[in-house]
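**Student:** Here you go, one structure.
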Amino acid sequence: MEKRVVFRSAWLPYALVAPQIAITLVFFFWPAAQALWYSFQLQDAFGLKTQFVGLQNFVTLFKDENYLASFRVTAVFSVLVAVIGLAAALVLALMADRVVRGAMGYKTLLIWPYAVAPAVAGVLYAFLFAPSIGIVTYALRRWFGIEWNWLLDGEQAMLLVVMAAVWNHVSYNFVFFLAGLQAIPRSLIEAAAIDGAGPARRFWTVVFPLLSPTTFFLLVINVVYAFFGTFGLIDATTQGGPGQDTQILVYKVYHDGVKAADLGGSSAQSVILMLIVIALTVAQFRFIERRVQY
Amino acid sequence: MRLKRIAAIMAAGMLCAPLAQAQIEIQWWHSMGGQLGEALNELANKFNAEQKDYRIVTSYKGSYPESMTAAIAAFRAGQAPHLLQVFEVGTATMMAAKGAVKPVYQLMKEQGEPFDPKAYLPTVTGYYSDAQGNMLSLPFNSSTALFYIDRNKFKQAGLKPEPPRTWKELIAAAEKMKAAGQNCVYTTGWPSWVHVENFSAWHNLPIGTKQNGMAGLDTQFTINSPAHVKHVEMLADMAKRGLFTYAGRTNQADSRFASGECAMATISAGALGNIIKTGKTDWQISVLPYHDDVKGAPQNSVIGGASLWVMSGRKPEEYKGVAKFMSFLSRPEVQMDWHVKTGYVPITLAAFELTKKSGFYDKNPGRDMAVRQLTNKAPTENSKGLRFGNFVQGRTVIEEELEAAFAGRKTAKAALDDAVKRGNEILRQFEAANK
């Protein structure tokens, strides 16, 4: 049976989508086109002198081995944020789903961190883990004998920003997983239980496959978050350091464009970043979505 | 279209409001937060109170890079403020933006305001003047890197509470304190500013060719000289032995010294207010340590902080007010007030003399150390300042490479070679964009 609603009016549907289209045009396509245009230019900070330089900004970038190293950092960061973020949220959602008493309270508490802006999350973590005054730093040294100094230790710095990013985004993932879990018909799980499947088996053969659309959606969202949404957090904690160990691509775009007023170079980086995310999203839809069961 | 109309109505509304008072408003965008912001507003209020024709309107626009970015965006939209506070690393960018800024010497001449560059400290004038010696911006808040020690920590380690004068003495003291159980012995703020820029000037070594970039955009970094390498090697070695605790790229070291965690620190003169307020240390200020095997050291240090730039495209009568305000800011008593309240350096010699006469330095020993260090000797080509295009990026590069050396991931030589190579690429880019 056809469920679609058909508009009689010729213009009404267009009028209804117009605001959405206008917003997308103004806030996405227009800046994206400008970034593309600027990426072919060499300009002083005030825009007084502009030269068209073709692909020179891109050539400069790809000749810079530090820029190339930033790709590796971004890959490590995104994979860690997406995998840990999804796994942690799934475990939390499974547990919250089983709770009988005070379920509302747990859920509210778990959703809370999402209300914290990434930059604030960054400041919070920077304080907790500060090399000299952080509470966690003190605990690590006192009870575990771990010297915690992410100002010079690149791996610890990466760990710090990954933790902060995951913590900040885990609630978002949690909400979707919880909704996904609650949409799974009880009868399927009960049937599997009657057939003698234990909890682990029930999860892997019934629950997880049925959650795959949610997981896939979240994977795309989390990768985009790790790529674009985290520069505030990095600016508030490591600022890309030590060295360039936590300098992800978007942070370099922000640093070069906003802080150093290098519009051409920064725009070229945005264009590259845009292409990467488009490619990744297409790849995810083509290769991973095949294994998703709707 | 509608948006434009609304904007037009709003703009008309805003235009009508000040007509009633016929006072000319002068916009001043700055980056002084907290206690510094209050001191800045007091300056503006004082000027507003003593005359009727002009009104200085101050707006805090966030950190230095943020307010500079805001002003650049405003300029592009034709809405630039009259006055903009720009940090020292943005100097080359502002200087190259001919057409966007109005040089201060030119403004003062046009408006017939008395203005003598010789009245200012030479290291301060040098930093903000072009190759012909014309002052392009008005120095406002200037600081320099100083050496702080906590006398308590020295006594606890059985040392005489005297600031070490050379790096050799510093290391000897550091070893004793470390052996006595002091965890953080020495730390530093602003690694590039202290250990590359000020280190070079203090030892009369060039940071770059072409008079540290002052004589032309075709400058190149020279911070991988044997003396530079030796200094960074020494710091890396100190870090390895636990004698040097790295605190971060900006002012994080201030609080680590102020809280009593670290025994010695090379940080900004502007950190003193905080150290006094925290009150946990028996602090003493001294000049920066030096290497006694480098000929001519110690020379003089370079400044940090910010200066005021006048943006172009405003009406002549408004510039009249800007010029009057600049004369006001350069008055000895105004300068002294600012110096005493904030810890920044008095930028004119007259203000320094006035503060001396007032007995402030006798009551507050060490507060004249910054001026004494800046004027230790007549500045040379290597020590009068520096001017590198896109130095916001350049400094980041230097800091990244220093971190690699401190963490032991690169040798000092390799790190500084890479800093020079990467830094020069940024300079070439800037040169090409400002041909």
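Here, A, B, ... name the chains of the structure tokens in the order displayed, residue numbers run from 1 inside each chain, and ligands are numbered from 1 in the same displayed order.
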Considering only C-alpha atoms, return as a list in words whatever protein or nucleic-acid residues lie within 7 Å of region 147-158 of chain B, sequence-local ones (same chain, fewer than 5 positions apart) excluded.
**Tutor:** Pro163, Lys176, Met177, Ala180, Ala263, Met264, Ala265, Thr266, Ile267, Thr281, Asp282, Trp283, Gln284, Ile285, Ser286, Val287 and Leu288 of chain B
**Student:** For chain A against chain B, which residues fall within 6 Å using only C-alpha atoms, given as an MDAnalysis selection string?
**Tutor:** chainID A and resid 42:44 46 152 243 259:260
**Student:** Selection from above, N, CA and C atoms, as a PDB file, in the first residue's frame, can you write it?
**Tutor:**
```pdb
ATOM      1  N   LEU A  42      46.691  33.274  -3.210  1.00  0.00           N
ATOM      2  CA  LEU A  42      47.651  33.655  -2.192  1.00  0.00           C
ATOM      3  C   LEU A  42      47.273  35.074  -1.795  1.00  0.00           C
ATOM      4  N   GLN A  43      46.985  35.259  -0.490  1.00  0.00           N
ATOM      5  CA  GLN A  43      46.439  36.535  -0.070  1.00  0.00           C
ATOM      6  C   GLN A  43      47.106  36.967   1.217  1.00  0.00           C
ATOM      7  N   ASP A  44      47.315  38.261   1.380  1.00  0.00           N
ATOM      8  CA  ASP A  44      47.791  38.726   2.686  1.00  0.00           C
ATOM      9  C   ASP A  44      46.602  38.746   3.631  1.00  0.00           C
ATOM     10  N   PHE A  46      44.920  40.920   5.279  1.00  0.00           N
ATOM     11  CA  PHE A  46      43.845  41.895   5.182  1.00  0.00           C
ATOM     12  C   PHE A  46      43.120  41.866   3.834  1.00  0.00           C
ATOM     13  N   LEU A 152      54.966  16.581  27.158  1.00  0.00           N
ATOM     14  CA  LEU A 152      56.093  16.100  26.363  1.00  0.00           C
ATOM     15  C   LEU A 152      55.874  14.694  25.821  1.00  0.00           C
ATOM     16  N   GLY A 243      55.027  18.609  20.050  1.00  0.00           N
ATOM     17  CA  GLY A 243      55.411  18.512  18.653  1.00  0.00           C
ATOM     18  C   GLY A 243      54.142  18.662  17.840  1.00  0.00           C
ATOM     19  N   LYS A 259      43.924  31.536  13.575  1.00  0.00           N
ATOM     20  CA  LYS A 259      44.943  32.124  14.436  1.00  0.00           C
ATOM     21  C   LYS A 259      46.049  32.795  13.636  1.00  0.00           C
ATOM     22  N   ALA A 260      46.443  32.174  12.518  1.00  0.00           N
ATOM     23  CA  ALA A 260      47.583  32.717  11.795  1.00  0.00           C
ATOM     24  C   ALA A 260      47.186  33.487  10.547  1.00  0.00           C
TER      25      ALA A 260
END
```
**Student:** Give me the residues near Thr91 (chain B) as number ranges by chain, where near means some atom within 12 Å (using only C-alpha atoms) and where sequence neighbours in that chain fewer than 5 positions away do not count.
**Tutor:** B: 64-65, 68, 84-86, 96-97, 101, 126-130, 135-139, 213-214, 304-309, 385-392
**Student:** Any chance you could export the current selection's C-alpha atoms as a CSV table (one decimal), in the first residue's frame?
**Tutor:**
```csv
chain,number,residue,atom,x,y,z
B,64,TYR,CA,45.5,38.4,20.9
B,65,PRO,CA,45.0,36.2,17.9
B,68,MET,CA,43.4,40.4,15.4
B,84,LEU,CA,43.6,47.8,17.7
B,85,GLN,CA,45.9,46.2,20.2
B,86,VAL,CA,48.2,43.7,18.3
B,96,ALA,CA,53.0,44.6,5.6
B,97,ALA,CA,49.3,45.6,5.4
B,101,VAL,CA,46.9,50.7,8.8
B,126,GLY,CA,63.2,49.4,17.6
B,127,TYR,CA,60.6,46.7,17.7
B,128,TYR,CA,57.8,48.9,16.2
B,129,SER,CA,59.8,51.1,13.8
B,130,ASP,CA,60.4,50.6,10.1
B,135,MET,CA,57.4,54.4,14.5
B,136,LEU,CA,54.5,52.6,12.9
B,137,SER,CA,52.6,51.7,16.0
B,138,LEU,CA,52.4,53.0,19.6
B,139,PRO,CA,53.9,50.6,22.2
B,213,GLY,CA,63.9,40.4,9.4
B,214,MET,CA,63.7,44.2,10.0
B,304,GLY,CA,57.0,40.9,24.3
B,305,GLY,CA,53.5,42.2,24.8
B,306,ALA,CA,51.5,44.4,22.4
B,307,SER,CA,51.3,47.8,20.7
B,308,LEU,CA,48.4,49.9,19.4
B,309,TRP,CA,47.8,50.1,15.6
B,385,GLY,CA,63.9,43.3,18.0
B,386,LEU,CA,62.6,40.9,15.3
B,387,ARG,CA,60.2,41.0,12.5
B,388,PHE,CA,59.1,37.8,10.8
B,389,GLY,CA,56.1,37.4,8.6
B,390,ASN,CA,53.4,34.9,9.8
B,391,PHE,CA,55.3,34.6,13.0
B,392,VAL,CA,52.2,33.1,14.7
```
**Student:** Can you measure CA of Gly265 (chain A) to CA of Asn57 (chain A) for me? One decimal in Å is fine.
**Tutor:**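 Atom-to-atom, CA of Gly265 (chain A) and CA of Asn57 (chain A) are spaced 5.7 Å apart.
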**Student:** What are the DSSP alpha helix (DSSP H) residues of region 57-119 of chain B, as a list of chain:residue names?
**Tutor:** B:Tyr64, B:Pro65, B:Glu66, B:Ser67, B:Met68, B:Thr69, B:Ala70, B:Ala71, B:Ile72, B:Ala73, B:Ala74, B:Phe75, B:Arg76, B:Thr91, B:Ala92, B:Thr93, B:Met94, B:Met95, B:Ala96, B:Val104, B:Tyr105, B:Gln106, B:Leu107, B:Met108, B:Lys109, B:Glu110
**Student:** Now that the selection is made, can you save its residues with N, CA and C atoms as a PDB file, in the first residue's frame?
**Tutor:**
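result34.pdb, written as the output of this step:
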```
ATOM      1  N   TYR B  64      44.812  37.628  22.000  1.00  0.00           N
ATOM      2  CA  TYR B  64      45.483  38.402  20.947  1.00  0.00           C
ATOM      3  C   TYR B  64      45.140  37.908  19.538  1.00  0.00           C
ATOM      4  N   PRO B  65      45.327  36.604  19.255  1.00  0.00           N
ATOM      5  CA  PRO B  65      44.994  36.175  17.888  1.00  0.00           C
ATOM      6  C   PRO B  65      43.526  36.395  17.570  1.00  0.00           C
ATOM      7  N   GLU B  66      42.662  36.244  18.570  1.00  0.00           N
ATOM      8  CA  GLU B  66      41.231  36.409  18.319  1.00  0.00           C
ATOM      9  C   GLU B  66      40.884  37.850  17.959  1.00  0.00           C
ATOM     10  N   SER B  67      41.440  38.813  18.690  1.00  0.00           N
ATOM     11  CA  SER B  67      41.057  40.193  18.366  1.00  0.00           C
ATOM     12  C   SER B  67      41.672  40.620  17.041  1.00  0.00           C
ATOM     13  N   MET B  68      42.842  40.056  16.720  1.00  0.00           N
ATOM     14  CA  MET B  68      43.437  40.384  15.423  1.00  0.00           C
ATOM     15  C   MET B  68      42.573  39.823  14.296  1.00  0.00           C
ATOM     16  N   THR B  69      42.121  38.570  14.470  1.00  0.00           N
ATOM     17  CA  THR B  69      41.250  37.970  13.469  1.00  0.00           C
ATOM     18  C   THR B  69      39.961  38.768  13.332  1.00  0.00           C
ATOM     19  N   ALA B  70      39.414  39.197  14.467  1.00  0.00           N
ATOM     20  CA  ALA B  70      38.169  39.980  14.441  1.00  0.00           C
ATOM     21  C   ALA B  70      38.383  41.289  13.683  1.00  0.00           C
ATOM     22  N   ALA B  71      39.526  41.936  13.919  1.00  0.00           N
ATOM     23  CA  ALA B  71      39.788  43.209  13.251  1.00  0.00           C
ATOM     24  C   ALA B  71      40.002  43.010  11.758  1.00  0.00           C
ATOM     25  N   ILE B  72      40.665  41.899  11.390  1.00  0.00           N
ATOM     26  CA  ILE B  72      40.882  41.622   9.972  1.00  0.00           C
ATOM     27  C   ILE B  72      39.539  41.427   9.279  1.00  0.00           C
ATOM     28  N   ALA B  73      38.659  40.653   9.929  1.00  0.00           N
ATOM     29  CA  ALA B  73      37.335  40.420   9.359  1.00  0.00           C
ATOM     30  C   ALA B  73      36.573  41.740   9.265  1.00  0.00           C
ATOM     31  N   ALA B  74      36.679  42.573  10.305  1.00  0.00           N
ATOM     32  CA  ALA B  74      35.978  43.854  10.309  1.00  0.00           C
ATOM     33  C   ALA B  74      36.527  44.761   9.206  1.00  0.00           C
ATOM     34  N   PHE B  75      37.844  44.727   9.025  1.00  0.00           N
ATOM     35  CA  PHE B  75      38.447  45.552   7.975  1.00  0.00           C
ATOM     36  C   PHE B  75      37.936  45.133   6.603  1.00  0.00           C
ATOM     37  N   ARG B  76      37.877  43.811   6.399  1.00  0.00           N
ATOM     38  CA  ARG B  76      37.393  43.318   5.111  1.00  0.00           C
ATOM     39  C   ARG B  76      35.960  43.744   4.855  1.00  0.00           C
ATOM     40  N   THR B  91      53.273  41.879  14.493  1.00  0.00           N
ATOM     41  CA  THR B  91      53.811  43.145  13.996  1.00  0.00           C
ATOM     42  C   THR B  91      54.108  43.124  12.496  1.00  0.00           C
ATOM     43  N   ALA B  92      54.784  42.063  12.039  1.00  0.00           N
ATOM     44  CA  ALA B  92      55.164  42.017  10.623  1.00  0.00           C
ATOM     45  C   ALA B  92      53.931  41.997   9.732  1.00  0.00           C
ATOM     46  N   THR B  93      52.899  41.263  10.166  1.00  0.00           N
ATOM     47  CA  THR B  93      51.668  41.188   9.394  1.00  0.00           C
ATOM     48  C   THR B  93      51.030  42.576   9.276  1.00  0.00           C
ATOM     49  N   MET B  94      51.000  43.316  10.387  1.00  0.00           N
ATOM     50  CA  MET B  94      50.399  44.645  10.363  1.00  0.00           C
ATOM     51  C   MET B  94      51.226  45.594   9.503  1.00  0.00           C
ATOM     52  N   MET B  95      52.551  45.485   9.620  1.00  0.00           N
ATOM     53  CA  MET B  95      53.419  46.380   8.863  1.00  0.00           C
ATOM     54  C   MET B  95      53.280  46.184   7.370  1.00  0.00           C
ATOM     55  N   ALA B  96      53.104  44.923   6.986  1.00  0.00           N
ATOM     56  CA  ALA B  96      53.005  44.633   5.560  1.00  0.00           C
ATOM     57  C   ALA B  96      51.664  45.082   5.002  1.00  0.00           C
ATOM     58  N   VAL B 104      51.718  55.445  12.937  1.00  0.00           N
ATOM     59  CA  VAL B 104      51.530  56.382  14.038  1.00  0.00           C
ATOM     60  C   VAL B 104      52.317  57.677  13.820  1.00  0.00           C
ATOM     61  N   TYR B 105      53.566  57.570  13.334  1.00  0.00           N
ATOM     62  CA  TYR B 105      54.356  58.792  13.142  1.00  0.00           C
ATOM     63  C   TYR B 105      53.669  59.740  12.167  1.00  0.00           C
ATOM     64  N   GLN B 106      53.033  59.137  11.142  1.00  0.00           N
ATOM     65  CA  GLN B 106      52.336  59.926  10.128  1.00  0.00           C
ATOM     66  C   GLN B 106      51.090  60.585  10.715  1.00  0.00           C
ATOM     67  N   LEU B 107      50.354  59.814  11.511  1.00  0.00           N
ATOM     68  CA  LEU B 107      49.148  60.322  12.156  1.00  0.00           C
ATOM     69  C   LEU B 107      49.481  61.510  13.046  1.00  0.00           C
ATOM     70  N   MET B 108      50.547  61.377  13.855  1.00  0.00           N
ATOM     71  CA  MET B 108      50.892  62.434  14.795  1.00  0.00           C
ATOM     72  C   MET B 108      51.327  63.696  14.044  1.00  0.00           C
ATOM     73  N   LYS B 109      52.019  63.487  12.905  1.00  0.00           N
ATOM     74  CA  LYS B 109      52.467  64.626  12.123  1.00  0.00           C
ATOM     75  C   LYS B 109      51.265  65.346  11.513  1.00  0.00           C
ATOM     76  N   GLU B 110      50.359  64.564  10.930  1.00  0.00           N
ATOM     77  CA  GLU B 110      49.169  65.145  10.302  1.00  0.00           C
ATOM     78  C   GLU B 110      48.344  65.950  11.295  1.00  0.00           C
TER      79      GLU B 110
END
```
**Student:** Identify, on the basis of only C-alpha atoms, every residue whose closest approach to region 118-132 of chain A does not exceed 6 Å; exclude the query and any residue fewer than 3 positions from it along the same chain; express the result as a VMD selection string.
**Tutor:** chain A and resid 135 to 137 149 232 to 233 236 to 237
**Student:** As an MDAnalysis selection string, please: the residues near Glu197 (chain B) (cut-off 9 Å, only C-alpha atoms, same-chain neighbours under 3 positions excluded).
**Tutor:** chainID B and resid 192:194 200:202 207 223 301:302 385:386
**Student:** Could you write out that same residue set with C-alpha atoms as a JSON list (two decimals), in the first residue's frame?
**Tutor:**
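Generated file (result.json):
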```json
[["chain", "number", "residue", "atom", "x", "y", "z"],
["B", 192, "SER", "CA", 60.33, 30.20, 21.75],
["B", 193, "TRP", "CA", 60.19, 33.72, 23.18],
["B", 194, "VAL", "CA", 62.52, 32.90, 26.09],
["B", 200, "SER", "CA", 69.53, 35.23, 20.87],
["B", 201, "ALA", "CA", 69.26, 38.92, 21.78],
["B", 202, "TRP", "CA", 70.77, 38.36, 25.24],
["B", 207, "ILE", "CA", 67.63, 35.12, 14.99],
["B", 223, "ILE", "CA", 68.54, 29.77, 14.94],
["B", 301, "SER", "CA", 66.68, 41.29, 25.99],
["B", 302, "VAL", "CA", 63.77, 41.88, 23.61],
["B", 385, "GLY", "CA", 63.85, 43.28, 17.98],
["B", 386, "LEU", "CA", 62.65, 40.93, 15.30]]
```
**Student:** Within 10 Å of Phe227 (chain A), counting only C-alpha atoms, which residues show up once you throw out same-chain ones fewer than 5 positions away? Write them as a PyMOL selection string, please.
**Tutor:** chain A and resi 74-75+77-78+81+221-222+248-251+273-274+276-277
**Student:** Please produce a file of the residues just selected, as a PDB file, in the first residue's frame, where the atoms kept are N, CA and C atoms.
**Tutor:**
```pdb
ATOM      1  N   THR A  74      45.436  12.021  12.402  1.00  0.00           N
ATOM      2  CA  THR A  74      43.991  12.088  12.268  1.00  0.00           C
ATOM      3  C   THR A  74      43.382  10.692  12.177  1.00  0.00           C
ATOM      4  N   ALA A  75      44.033   9.801  11.425  1.00  0.00           N
ATOM      5  CA  ALA A  75      43.514   8.439  11.271  1.00  0.00           C
ATOM      6  C   ALA A  75      43.484   7.737  12.627  1.00  0.00           C
ATOM      7  N   PHE A  77      43.488   9.036  15.605  1.00  0.00           N
ATOM      8  CA  PHE A  77      42.525   9.705  16.479  1.00  0.00           C
ATOM      9  C   PHE A  77      41.091   9.300  16.137  1.00  0.00           C
ATOM     10  N   SER A  78      40.738   9.342  14.834  1.00  0.00           N
ATOM     11  CA  SER A  78      39.356   9.062  14.450  1.00  0.00           C
ATOM     12  C   SER A  78      38.982   7.625  14.742  1.00  0.00           C
ATOM     13  N   VAL A  81      38.553   7.240  18.498  1.00  0.00           N
ATOM     14  CA  VAL A  81      37.341   7.903  18.991  1.00  0.00           C
ATOM     15  C   VAL A  81      36.102   7.122  18.567  1.00  0.00           C
ATOM     16  N   ILE A 221      28.482   9.197  11.765  1.00  0.00           N
ATOM     17  CA  ILE A 221      28.408  10.420  12.577  1.00  0.00           C
ATOM     18  C   ILE A 221      29.677  10.599  13.409  1.00  0.00           C
ATOM     19  N   ASN A 222      30.170   9.493  13.989  1.00  0.00           N
ATOM     20  CA  ASN A 222      31.342   9.596  14.858  1.00  0.00           C
ATOM     21  C   ASN A 222      32.606   9.948  14.091  1.00  0.00           C
ATOM     22  N   ILE A 248      45.458  17.121  14.585  1.00  0.00           N
ATOM     23  CA  ILE A 248      44.611  16.522  13.566  1.00  0.00           C
ATOM     24  C   ILE A 248      44.352  17.563  12.484  1.00  0.00           C
ATOM     25  N   LEU A 249      43.890  17.086  11.322  1.00  0.00           N
ATOM     26  CA  LEU A 249      43.767  17.975  10.167  1.00  0.00           C
ATOM     27  C   LEU A 249      42.931  19.215  10.461  1.00  0.00           C
ATOM     28  N   VAL A 250      41.789  19.028  11.135  1.00  0.00           N
ATOM     29  CA  VAL A 250      40.899  20.176  11.322  1.00  0.00           C
ATOM     30  C   VAL A 250      41.522  21.193  12.270  1.00  0.00           C
ATOM     31  N   TYR A 251      42.354  20.723  13.209  1.00  0.00           N
ATOM     32  CA  TYR A 251      42.983  21.682  14.112  1.00  0.00           C
ATOM     33  C   TYR A 251      43.984  22.551  13.361  1.00  0.00           C
ATOM     34  N   LEU A 273      40.334  18.244   3.331  1.00  0.00           N
ATOM     35  CA  LEU A 273      39.569  17.615   4.405  1.00  0.00           C
ATOM     36  C   LEU A 273      38.162  17.262   3.936  1.00  0.00           C
ATOM     37  N   MET A 274      37.575  18.191   3.182  1.00  0.00           N
ATOM     38  CA  MET A 274      36.230  17.972   2.660  1.00  0.00           C
ATOM     39  C   MET A 274      36.223  16.749   1.750  1.00  0.00           C
ATOM     40  N   ILE A 276      38.287  14.233   1.771  1.00  0.00           N
ATOM     41  CA  ILE A 276      38.493  13.013   2.550  1.00  0.00           C
ATOM     42  C   ILE A 276      37.188  12.546   3.178  1.00  0.00           C
ATOM     43  N   VAL A 277      36.460  13.476   3.780  1.00  0.00           N
ATOM     44  CA  VAL A 277      35.236  13.072   4.463  1.00  0.00           C
ATOM     45  C   VAL A 277      34.186  12.609   3.466  1.00  0.00           C
TER      46      VAL A 277
END
```
**Student:** Show me, as a tab-separated table (two decimals) with N, CA and C atoms, in the first residue's frame, the residues that have an atom within 8 Å of region 224-232 of chain B when counting only C-alpha atoms, minus same-chain residues fewer than 5 positions from it.
**Tutor:**
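Saved as part.tsv:
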```tsv
chain	number	residue	atom	x	y	z
B	195	HIS	N	63.69	31.05	24.99
B	195	HIS	CA	64.90	30.29	24.70
B	195	HIS	C	65.39	30.41	23.26
B	196	VAL	N	64.63	31.09	22.42
B	196	VAL	CA	65.15	31.36	21.08
B	196	VAL	C	65.26	32.87	20.87
B	200	SER	N	68.70	34.69	21.95
B	200	SER	CA	69.53	35.23	20.87
B	200	SER	C	69.93	36.67	21.16
B	294	VAL	N	80.00	32.87	25.71
B	294	VAL	CA	79.60	33.57	24.48
B	294	VAL	C	80.05	35.02	24.60
B	402	LEU	N	61.19	22.44	19.45
B	402	LEU	CA	61.80	22.45	20.79
B	402	LEU	C	61.24	21.30	21.62
B	405	ALA	N	62.88	18.15	20.83
B	405	ALA	CA	64.21	18.06	21.42
B	405	ALA	C	64.14	17.80	22.93
B	412	ALA	N	69.14	18.09	19.41
B	412	ALA	CA	68.96	19.54	19.36
B	412	ALA	C	69.27	20.07	17.97
B	413	LYS	N	70.32	19.52	17.37
B	413	LYS	CA	70.74	19.97	16.05
B	413	LYS	C	69.64	19.69	15.02
B	416	LEU	N	66.55	21.99	15.57
B	416	LEU	CA	66.73	23.38	15.14
B	416	LEU	C	66.90	23.48	13.63
B	417	ASP	N	67.56	22.49	13.02
B	417	ASP	CA	67.65	22.48	11.56
B	417	ASP	C	66.26	22.42	10.94
B	420	VAL	N	64.43	25.70	11.30
B	420	VAL	CA	64.88	26.68	10.32
B	420	VAL	C	64.27	26.37	8.95
```
**Student:** From a backbone DSSP assignment, name each residue in region 42-79 of chain A labelled strand (DSSP E or B), as a list in words.
**Tutor:**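 Those residues are Leu42, Gln43, Thr50, Gln51 and Phe52 of chain A.
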**Student:** Selected residues, C-alpha atoms, written as a JSON list (two decimals), in the first residue's frame, please.
**Tutor:**
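again_28.json, freshly written:
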```json
[["chain", "number", "residue", "atom", "x", "y", "z"],
["A", 42, "LEU", "CA", 47.65, 33.66, -2.19],
["A", 43, "GLN", "CA", 46.44, 36.53, -0.07],
["A", 50, "THR", "CA", 45.40, 38.75, -3.95],
["A", 51, "GLN", "CA", 47.18, 36.56, -6.46],
["A", 52, "PHE", "CA", 45.81, 33.57, -8.28]]
```
**Student:** Rounded to one decimal, what separation in Å do you get between CA of Ala157 (chain A) and CA of Leu140 (chain A)?
**Tutor:** 15.0 Å
